[in-house]
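Trainee: Please find one structure pasted underneath; my questions will follow.
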Amino acid sequence: MAGLAESGSNPDVELLYDINGLAKDAPHWFDRVMEFVGEYGLLFAIVLLVLWCWWGVRRRGGEDAATSVAALVWAPLAAGVAVLVNIPIRGFVERPRPFKTHDGLEVLVAGKDDFSFVSDHATLCMALAVALFVANRKFGLGAIVLALFGGFIRVYMGVHYPTDVIGGFALGTAVALLLSPVAMALLTPLTRAIERSPRVGWLVRARGRDGEDGRGAVIPGARKESTETGERDLAA
């Protein structure tokens with residue numbers, strides 16, 4: 001399977017040249033920006049989205065805080081598991097990097113001597129993004145958009161075929177979704193135990209957030225209803 005996509009007449013290679021050709025026409029400074037974004041920037045941005053979502057969850061509090069935090073903890077774990085699953089896949093397929101078998105590519109980053117299929121970057125980013133989407137659709141959708149753009153940049157940089165990226169997206173999505181029920185079953189009791197801890201409970205629920213505006217009430221809106229009832233009684 002080492003000869004996968006070595007022919008220059010297939011759509012995978014043609015799309016590689018089309019996308020990578022944009023790097024040849026772009027200014028040098030723009031390529032350097034794309035290199036940084038593709039190697040570090042987008043992955044860092046997705047991690048920030050996960051942290052931003054966690055910060056909002058713990059400040060909001062509520063009965064489902066522990067479950068929500070457990071879902072967010074699964075995001076980086078899913079990324080790690082997906083990369084581990086990718087190790088035997090890369091060793092089995094043994095697909096060389098595109099610049100090793102095709103001439104004329106504009107390679108923006110050096111030192112990529114490992115196998116190409118599937119892309120670790122695409123796997124990491126999409127596993128994070130999909131797991132975040134399960135926890136919070138708004139943040140997750142933004143992360144998925146960033147992951148898709150990151151996959152495009154990997155091809156733009158000349159270090160992956162398009163199918164390397166698509167394979168990474170599929171692997172990251174599969175791990176994040178298929179293992180999510182097991183992960184939640186294991187992580188939710190842990191985050192609930194942390195929530196009850198007087199020392200580290202702030203990791204799950206911010207101090208003093210329960211009961212504010214009824215958001216921490218056992219029955220959502222109970223405090224508001226009590227206030228409205230009292231107002232009606234006074235009016236009577």
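By order of appearance in the structure tokens: chains A, B, ..., then residues from 1 within every chain, and ligands from 1 in the order shown.
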Using only C-alpha atoms, which residues sit within 12 Å of stretch 45-51 of chain A once same-chain residues fewer than 4 positions away are excluded, as a PyMOL selection string?
Mentor: chain A and resi 37-41+55-58+68-76+79+121+124-150+203
Trainee: Go through stretch 6-226 of chain A and collect every residue that DSSP, computed from the backbone, puts in alpha helix (DSSP H); the answer should be as JSON, numbers by chain.
Mentor: {"A": [11, 12, 13, 14, 15, 16, 17, 18, 19, 20, 21, 22, 23, 24, 25, 28, 29, 30, 31, 32, 33, 34, 35, 36, 42, 43, 44, 45, 46, 47, 48, 49, 50, 51, 52, 53, 54, 55, 56, 57, 58, 59, 60, 65, 66, 67, 68, 69, 70, 71, 72, 73, 74, 75, 76, 77, 78, 79, 80, 81, 82, 83, 84, 85, 86, 87, 88, 89, 90, 91, 92, 93, 98, 99, 100, 101, 120, 121, 122, 123, 124, 125, 126, 127, 128, 129, 130, 131, 132, 133, 134, 135, 137, 138, 139, 140, 141, 142, 143, 144, 145, 146, 147, 148, 149, 150, 151, 152, 153, 154, 155, 156, 162, 163, 164, 165, 166, 167, 168, 169, 170, 171, 172, 173, 174, 175, 176, 177, 178, 180, 181, 182, 183, 184, 185, 186, 187, 188, 189, 190, 191, 192, 193, 194, 195, 196, 222, 223, 224, 225, 226]}
Trainee: When you count only C-alpha atoms, which of these residues is closest to A:Pro96: A:Trp52, A:Asp113, A:Gly80, A:Asn20?
Mentor: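 Smallest separation from A:Pro96 among the options: A:Asp113.
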Trainee: Taking 4 positions as the minimum chain separation for residues in the same chain, which residues sit within 12 Å of A:Trp202 when counting only C-alpha atoms? Answer as JSON, numbers by chain.
Mentor: {"A": [54, 55, 57, 58, 59, 60, 61, 65, 66, 69, 191, 192, 193, 194, 195, 196, 197, 198, 206, 207, 208, 209, 210]}
Trainee: Between A:Leu15, A:Val93, A:Val200, A:Leu187, which one has atoms that come closest to A:Leu77, using only C-alpha atoms?
Mentor: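 Going through A:Leu15, A:Val93, A:Val200, A:Leu187 one by one, the smallest distance to A:Leu77 is for A:Leu187.
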Trainee: Rank A:Trp29, A:Phe115, A:Gly104, A:Thr67 by their smallest atom-to-atom distance to A:Ile87, using only C-alpha atoms, and report the top residue only.
Mentor: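 Closest to A:Ile87 of all the choices is A:Phe115.
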Trainee: Give the answer as one residue: which of A:Asp164, A:Phe92, A:Val204, A:Met34 has the shortest atom-to-atom distance to A:Cys53, using only C-alpha atoms?
Mentor: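 Closest to A:Cys53, using only C-alpha atoms: A:Val204.
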Trainee: Can you tell me how far atom CA of A:Leu179 sits from atom CA of A:Gly151, in Å to one decimal?
Mentor: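 Computed distance, atom CA of A:Leu179 to atom CA of A:Gly151, equals 23.0 Å.
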